[in-house]
file input.cif (mmCIF, C-alpha atoms)
data_my_file
loop_
_atom_site.label_atom_id
_atom_site.label_comp_id
_atom_site.auth_asym_id
_atom_site.auth_seq_id
_atom_site.Cartn_x
_atom_site.Cartn_y
_atom_site.Cartn_z
CA MET A 24 1.53 -6.47 38.07
CA ARG A 25 -0.57 -3.48 37.00
CA THR A 26 1.28 -3.37 33.70
CA LYS A 27 0.43 -7.01 32.96
CA SER A 28 -3.22 -6.57 33.87
CA ALA A 29 -3.46 -3.49 31.64
CA ALA A 30 -2.34 -5.64 28.69
CA VAL A 31 -5.15 -8.18 29.16
CA PRO A 32 -7.71 -6.30 26.98
CA TYR A 33 -5.14 -5.97 24.20
CA VAL A 34 -4.22 -9.66 24.36
CA PHE A 35 -7.90 -10.61 24.33
CA TRP A 36 -8.53 -8.35 21.33
CA MET A 37 -5.58 -9.82 19.42
CA ALA A 38 -6.65 -13.39 20.22
CA VAL A 39 -10.27 -12.89 19.15
CA PHE A 40 -9.81 -10.70 16.09
CA VAL A 41 -6.36 -11.72 14.80
CA VAL A 42 -5.18 -15.12 16.03
CA ILE A 43 -8.49 -17.01 15.86
CA PRO A 44 -9.33 -15.80 12.30
CA LEU A 45 -5.85 -16.81 11.13
CA VAL A 46 -6.27 -20.25 12.67
CA LEU A 47 -9.65 -20.62 10.94
CA ILE A 48 -8.10 -19.66 7.59
CA VAL A 49 -5.40 -22.31 8.01
CA VAL A 50 -7.97 -24.95 9.02
CA TYR A 51 -10.26 -24.16 6.09
CA ALA A 52 -7.34 -24.06 3.64
CA PHE A 53 -6.31 -27.63 4.47
CA THR A 54 -9.78 -29.18 4.69
CA ASN A 55 -12.71 -29.84 2.34
CA PHE A 56 -16.47 -29.45 2.82
CA ASP A 57 -16.53 -32.75 4.73
CA GLY A 58 -13.89 -31.51 7.18
CA GLU A 59 -11.26 -33.94 5.87
CA PHE A 60 -7.61 -33.01 5.38
CA THR A 61 -6.74 -32.22 1.75
CA LEU A 62 -4.27 -30.32 -0.41
CA GLU A 63 -6.69 -30.04 -3.30
CA ASN A 64 -7.41 -26.42 -2.50
CA PHE A 65 -3.80 -25.51 -3.26
CA ASN A 66 -3.80 -27.58 -6.46
CA ASN A 67 -6.63 -25.40 -7.78
CA ILE A 68 -4.60 -22.24 -7.24
CA ASP A 69 -2.64 -22.91 -10.44
CA VAL A 70 -5.71 -21.78 -12.39
CA PHE A 71 -5.52 -18.34 -10.76
CA LEU A 72 -1.82 -17.65 -11.35
CA GLN A 73 -2.71 -14.95 -13.88
CA VAL A 74 -4.72 -13.14 -11.21
CA PHE A 75 -1.75 -13.40 -8.83
CA GLY A 76 0.56 -11.97 -11.48
CA ASN A 77 -1.82 -9.15 -12.41
CA SER A 78 -2.24 -8.19 -8.75
CA VAL A 79 1.52 -8.08 -8.16
CA VAL A 80 2.15 -6.03 -11.32
CA LEU A 81 -0.53 -3.42 -10.57
CA ALA A 82 0.57 -3.19 -6.92
CA LEU A 83 4.20 -2.66 -7.97
CA ILE A 84 3.20 0.02 -10.50
CA ALA A 85 1.09 1.84 -7.90
CA THR A 86 3.91 1.58 -5.34
CA ALA A 87 6.48 2.93 -7.82
CA ILE A 88 4.26 5.89 -8.75
CA CYS A 89 3.62 6.67 -5.07
CA LEU A 90 7.37 6.62 -4.43
CA LEU A 91 8.12 8.91 -7.40
CA ILE A 92 5.54 11.40 -6.13
CA ALA A 93 6.11 11.07 -2.40
CA TYR A 94 9.90 11.28 -2.18
CA PRO A 95 10.45 14.68 -3.85
CA PHE A 96 7.35 16.04 -2.12
CA SER A 97 8.59 14.84 1.28
CA TYR A 98 12.10 16.15 0.59
CA PHE A 99 10.96 19.66 -0.30
CA LEU A 100 8.37 19.67 2.49
CA ALA A 101 11.14 18.96 5.01
CA GLN A 102 12.90 22.14 3.86
CA GLU A 103 9.89 24.38 4.53
CA GLY A 104 8.89 26.20 7.69
CA PRO A 105 6.67 24.73 10.43
CA ILE A 106 3.50 26.62 9.38
CA PHE A 107 3.75 25.43 5.77
CA ARG A 108 4.39 21.86 6.98
CA LYS A 109 1.32 21.86 9.22
CA VAL A 110 -0.91 23.11 6.43
CA ALA A 111 0.55 20.61 3.96
CA MET A 112 0.17 17.68 6.36
CA LEU A 113 -3.41 18.72 7.08
CA LEU A 114 -4.20 18.72 3.36
CA ILE A 115 -2.55 15.29 3.01
CA MET A 116 -4.47 13.78 5.90
CA LEU A 117 -7.81 15.48 5.19
CA PRO A 118 -8.97 12.96 2.54
CA MET A 119 -8.09 10.12 4.93
CA TRP A 120 -10.78 11.36 7.30
CA MET A 121 -13.40 10.51 4.67
CA ASN A 122 -14.77 7.04 4.13
CA PHE A 123 -12.63 4.88 1.81
CA LEU A 124 -15.60 3.95 -0.40
CA LEU A 125 -16.71 7.57 -0.71
CA ARG A 126 -13.28 8.56 -1.97
CA THR A 127 -13.35 5.75 -4.51
CA TYR A 128 -16.89 6.64 -5.65
CA ALA A 129 -15.67 10.20 -6.17
CA TRP A 130 -13.00 8.91 -8.54
CA MET A 131 -15.68 7.02 -10.46
CA SER A 132 -17.39 10.36 -11.12
CA ILE A 133 -14.09 11.92 -12.15
CA LEU A 134 -12.91 9.17 -14.51
CA GLU A 135 -16.14 8.03 -16.18
CA ASN A 136 -16.67 8.79 -19.88
CA ASN A 137 -18.84 11.83 -19.11
CA GLY A 138 -17.03 12.66 -15.90
CA PHE A 139 -15.21 15.75 -14.75
CA LEU A 140 -11.87 14.79 -16.33
CA ASN A 141 -13.29 14.26 -19.82
CA GLN A 142 -15.43 17.39 -19.55
CA PHE A 143 -12.32 19.38 -18.63
CA LEU A 144 -10.31 17.87 -21.50
CA GLY A 145 -13.21 18.56 -23.85
CA ILE A 146 -12.68 22.29 -23.30
CA PHE A 147 -9.37 21.89 -25.13
CA GLY A 148 -10.82 19.60 -27.77
CA ILE A 149 -9.28 16.46 -26.26
CA GLY A 150 -11.12 13.22 -25.66
CA PRO A 151 -13.21 11.68 -24.48
CA ILE A 152 -10.61 9.34 -23.03
CA HIS A 153 -11.81 5.97 -21.77
CA ILE A 154 -10.17 5.44 -18.38
CA ILE A 155 -12.88 3.99 -16.16
CA ASN A 156 -13.04 0.16 -15.99
CA THR A 157 -9.37 -0.18 -16.95
CA ASP A 158 -6.14 -1.04 -15.15
CA VAL A 159 -5.17 2.64 -15.38
CA ALA A 160 -8.21 3.60 -13.29
CA VAL A 161 -7.37 0.93 -10.72
CA VAL A 162 -3.78 2.17 -10.40
CA LEU A 163 -4.97 5.77 -10.08
CA GLY A 164 -7.33 4.69 -7.30
CA MET A 165 -4.51 2.88 -5.51
CA VAL A 166 -2.17 5.87 -5.80
CA TYR A 167 -4.78 8.32 -4.54
CA ASN A 168 -5.85 6.21 -1.57
CA PHE A 169 -2.41 4.98 -0.47
CA LEU A 170 -0.13 7.93 -1.32
CA PRO A 171 -0.26 9.36 2.24
CA PHE A 172 1.14 6.05 3.54
CA MET A 173 4.22 6.68 1.41
CA ILE A 174 4.59 10.38 2.21
CA LEU A 175 4.35 10.19 5.99
CA PRO A 176 7.20 7.73 6.76
CA ILE A 177 9.55 9.31 4.21
CA PHE A 178 8.88 12.82 5.48
CA SER A 179 9.28 11.67 9.09
CA VAL A 180 12.73 10.20 8.40
CA ILE A 181 13.99 13.10 6.28
CA ASP A 182 12.73 15.66 8.79
CA LYS A 183 14.63 13.94 11.62
CA LEU A 184 17.95 13.63 9.76
CA ASP A 185 20.94 14.86 11.70
CA ARG A 186 21.99 18.06 9.88
CA LYS A 187 25.58 17.49 11.01
CA TYR A 188 25.96 14.84 8.27
CA ILE A 189 24.85 17.32 5.63
CA GLU A 190 27.13 20.03 6.98
CA ALA A 191 30.05 17.59 7.08
CA ALA A 192 29.45 16.62 3.44
CA GLN A 193 29.35 20.28 2.42
CA ASP A 194 32.53 20.98 4.35
CA LEU A 195 34.21 18.15 2.44
CA GLY A 196 33.29 19.81 -0.85
CA ALA A 197 30.15 17.91 -1.82
CA ASN A 198 27.63 19.86 -3.87
CA LYS A 199 23.85 19.55 -3.39
CA ARG A 200 23.55 16.62 -5.78
CA GLU A 201 26.37 14.65 -4.15
CA THR A 202 25.05 15.47 -0.68
CA PHE A 203 21.66 14.11 -1.63
CA ARG A 204 23.06 10.99 -3.33
CA ARG A 205 25.62 10.08 -0.67
CA VAL A 206 24.03 11.35 2.55
CA ILE A 207 20.33 12.21 2.44
CA PHE A 208 19.04 9.36 0.31
CA PRO A 209 20.94 6.55 2.11
CA LEU A 210 19.78 7.89 5.48
CA SER A 211 16.18 8.12 4.28
CA LEU A 212 16.02 4.50 3.03
CA PRO A 213 14.29 3.20 6.19
CA GLY A 214 11.42 5.60 5.51
CA VAL A 215 11.34 4.60 1.84
CA LEU A 216 11.20 0.89 2.66
CA SER A 217 8.52 1.48 5.28
CA GLY A 218 6.46 3.45 2.76
CA VAL A 219 6.90 0.80 0.07
CA THR A 220 5.63 -1.86 2.46
CA MET A 221 2.69 0.25 3.61
CA VAL A 222 1.60 0.90 0.01
CA PHE A 223 2.35 -2.47 -1.59
CA ILE A 224 0.47 -4.58 0.97
CA PRO A 225 -2.92 -2.82 0.75
CA SER A 226 -2.52 -2.44 -3.02
CA ILE A 227 -2.09 -6.15 -3.61
CA SER A 228 -5.00 -7.07 -1.34
CA THR A 229 -7.56 -4.43 -2.33
CA PHE A 230 -10.86 -5.40 -3.89
CA ALA A 231 -13.06 -2.29 -3.51
CA ILE A 232 -10.86 -0.22 -5.84
CA SER A 233 -10.67 -2.90 -8.52
CA LYS A 234 -14.43 -3.54 -8.33
CA LEU A 235 -15.52 0.11 -8.48
CA LEU A 236 -12.87 1.59 -10.77
CA GLY A 237 -12.03 -1.58 -12.70
CA GLY A 238 -15.66 -2.55 -13.24
CA GLY A 239 -14.80 -6.25 -13.12
CA MET A 240 -12.30 -5.86 -15.95
CA SER A 241 -9.34 -5.81 -13.52
CA PHE A 242 -9.64 -8.98 -11.48
CA LEU A 243 -7.29 -8.94 -8.49
CA LEU A 244 -6.59 -11.19 -5.53
CA GLY A 245 -9.04 -9.37 -3.31
CA ASP A 246 -11.82 -9.88 -5.87
CA LEU A 247 -10.93 -13.55 -6.18
CA ILE A 248 -11.10 -14.09 -2.42
CA GLU A 249 -14.35 -12.16 -2.10
CA MET A 250 -15.89 -14.29 -4.86
CA GLN A 251 -15.07 -17.48 -2.94
CA PHE A 252 -16.73 -16.22 0.25
CA LEU A 253 -19.58 -14.01 -0.98
CA GLY A 254 -19.94 -14.66 -4.70
CA SER A 255 -21.79 -17.30 -6.71
CA ALA A 256 -18.73 -19.58 -6.71
CA TYR A 257 -18.99 -20.12 -2.95
CA ASN A 258 -15.98 -22.11 -1.75
CA PRO A 259 -14.55 -20.84 1.57
CA HIS A 260 -11.91 -23.59 1.56
CA LEU A 261 -10.45 -22.43 -1.75
CA GLY A 262 -10.84 -18.82 -0.61
CA SER A 263 -8.90 -19.62 2.57
CA ALA A 264 -6.14 -21.29 0.55
CA ILE A 265 -5.84 -18.22 -1.70
CA SER A 266 -5.86 -15.96 1.38
CA LEU A 267 -3.08 -18.03 2.93
CA MET A 268 -0.99 -17.80 -0.23
CA MET A 269 -1.53 -14.03 -0.35
CA LEU A 270 -0.52 -13.82 3.32
CA LEU A 271 2.70 -15.68 2.53
CA LEU A 272 3.33 -13.35 -0.42
CA VAL A 273 2.89 -10.32 1.83
CA LEU A 274 5.21 -11.83 4.45
CA VAL A 275 7.88 -12.48 1.82
CA ALA A 276 7.59 -8.89 0.56
CA THR A 277 7.85 -7.59 4.12
CA LEU A 278 10.89 -9.75 4.89
CA ILE A 279 12.61 -8.56 1.70
CA THR A 280 12.07 -4.89 2.50
CA ASN A 281 13.16 -5.42 6.10
CA ARG A 282 16.26 -7.28 4.92
CA PHE A 283 17.28 -4.40 2.66
CA GLY A 284 16.48 -1.97 5.45
CA ASP A 285 18.83 -3.64 7.95
CA GLY A 286 21.80 -1.44 8.58
CA ASP A 287 20.67 1.33 6.22
CA GLU A 288 19.83 3.76 8.97
CA GLY A 289 22.88 5.73 9.90
CA THR A 290 24.90 4.51 6.90
CA VAL A 291 26.38 7.28 4.83
CA LEU A 292 28.12 6.66 1.51
CA MET A 293 31.10 8.95 1.89
#

call {"tool": "encode", "arguments": {"input": "input.cif", "output": "structure tokens"}}
result
Amino acid sequence: MRTKSAAVPYVFWMAVFVVIPLVLIVVYAFTNFDGEFTLENFNNIDVFLQVFGNSVVLALIATAICLLIAYPFSYFLAQEGPIFRKVAMLLIMLPMWMNFLLRTYAWMSILENNGFLNQFLGIFGIGPIHIINTDVAVVLGMVYNFLPFMILPIFSVIDKLDRKYIEAAQDLGANKRETFRRVIFPLSLPGVLSGVTMVFIPSISTFAISKLLGGGMSFLLGDLIEMQFLGSAYNPHLGSAISLMMLLLVLVATLITNRFGDGDEGTVLM
């Protein structure tokens, strides 16, 4: 009885701040300004298909870059001693303690035409390189802000691998490359898929990064939704329809990653 009563605040929180907003989004998506049922909001989404496509492409690029950086880093970090790991994890988490907008503003100062990066390259006679207000700047912002969400689950899985599998592979004559390909990587797939999900979802829905680093030149789903609720083109019904479509897209991506993750843990390709 005490356990059930202790869950009441959590249930109340979920109902007020999760369930009710989702219900309101669904209601607004299928109604017009007069409160009448309509599907017109979804018919207008065809106009914004390019924004959908651009958001997916940039989110996939950012996710791929995070994976290419995070996996080898996590793998080598798992081989180090406990003191080195603690220091490395502290350095990884330290930027996350700062405000998200402050971190993004810092990248504006780094990437602008007269910023730190171009000043540094100018020492070697390179540049200036125009990066700010481009898709490249948006992807860099995504990678910087979301990279820890890729590192942590991969490192956690690799660090907890049963070393008996690795020893068994070595006893059977597998070299380091074969051990990694047939044992370590298959066993670490749950962490990879978790990291991919944790990076792809915020990347596809971000709007602060695209607004600050893209300068309005990279128009993503988050910007489109914000414009419908707070911009000059005020239309919360269309914004709710776009939000609902993005929610479905995120659910599909999550189901796909979970589907590929089923049965991966504990599977060794021997």

call {"tool": "resolve_selection", "arguments": {"input": "input.cif", "expression": "the PyMOL selection byres ((chain A and resi 88) around 12)", "output": "number ranges by chain"}}
result
A: 81-87, 89-95, 159, 162-167, 169-170, 173-174, 218-219, 222-223

call {"tool": "residues_around", "arguments": {"input": "input.cif", "residues": "range 263-278 of chain A", "least_positions_apart": "6", "cutoff": "8 Å", "atoms": "only C-alpha atoms", "output": "ChimeraX atom specification"}}
result
/A:48-49,51-53,64-65,68,220,224,228,244,248

call {"tool": "write_last_selection", "arguments": {"input": "input.cif", "atoms": "C-alpha atoms", "output": "PDB file, in the coordinates of the input"}}
result
ATOM      1  CA  ILE A  48      -8.100 -19.660   7.590  1.00  0.00           C
ATOM      2  CA  VAL A  49      -5.400 -22.310   8.010  1.00  0.00           C
ATOM      3  CA  TYR A  51     -10.260 -24.160   6.090  1.00  0.00           C
ATOM      4  CA  ALA A  52      -7.340 -24.060   3.640  1.00  0.00           C
ATOM      5  CA  PHE A  53      -6.310 -27.630   4.470  1.00  0.00           C
ATOM      6  CA  ASN A  64      -7.410 -26.420  -2.500  1.00  0.00           C
ATOM      7  CA  PHE A  65      -3.800 -25.510  -3.260  1.00  0.00           C
ATOM      8  CA  ILE A  68      -4.600 -22.240  -7.240  1.00  0.00           C
ATOM      9  CA  THR A 220       5.630  -1.860   2.460  1.00  0.00           C
ATOM     10  CA  ILE A 224       0.470  -4.580   0.970  1.00  0.00           C
ATOM     11  CA  SER A 228      -5.000  -7.070  -1.340  1.00  0.00           C
ATOM     12  CA  LEU A 244      -6.590 -11.190  -5.530  1.00  0.00           C
ATOM     13  CA  ILE A 248     -11.100 -14.090  -2.420  1.00  0.00           C
TER      14      ILE A 248
END

call {"tool": "axis_aligned_box", "arguments": {"input": "input.cif", "around": "range 249-263 of chain A", "padding_each_side": "3 Å", "output": "AutoDock Vina command-line options"}}
result
--center_x -15.3 --center_y -17.9 --center_z -2.1 --size_x 18.9 --size_y 17.4 --size_z 15.3

call {"tool": "residues_around", "arguments": {"input": "input.cif", "residues": "range 132-134 of chain A", "least_positions_apart": "3", "cutoff": "10 Å", "atoms": "all atoms listed in the file", "output": "list in words"}}
result
Thr127, Tyr128, Ala129, Asn137, Gly138, Phe139, Leu140, Asn141, Gln142, Ile152, His153, Ile154, Ile155, Asn156, Ala160, Leu163 and Leu236 of chain A

call {"tool": "closest_residue", "arguments": {"input": "input.cif", "among": "A:Met112, A:His260, A:Ile106, A:Met250", "to": "Lys234 in chain A", "atoms": "only C-alpha atoms"}}
result
A:Met250

call {"tool": "resolve_selection", "arguments": {"input": "input.cif", "expression": "the PyMOL selection byres ((chain A and resi 247) around 9)", "output": "PyMOL selection string"}}
result
chain A and resi 71+74+230+242-246+248-251+262+265

call {"tool": "residues_around", "arguments": {"input": "input.cif", "residues": "range 201-203 of chain A", "least_positions_apart": "4", "cutoff": "10 Å", "atoms": "only C-alpha atoms", "output": "count of residues only"}}
result
15

call {"tool": "closest_residue", "arguments": {"input": "input.cif", "among": "A:Leu62, A:Tyr257, A:Phe123, A:Asp69", "to": "Thr229 in chain A", "atoms": "all atoms listed in the file"}}
result
A:Phe123
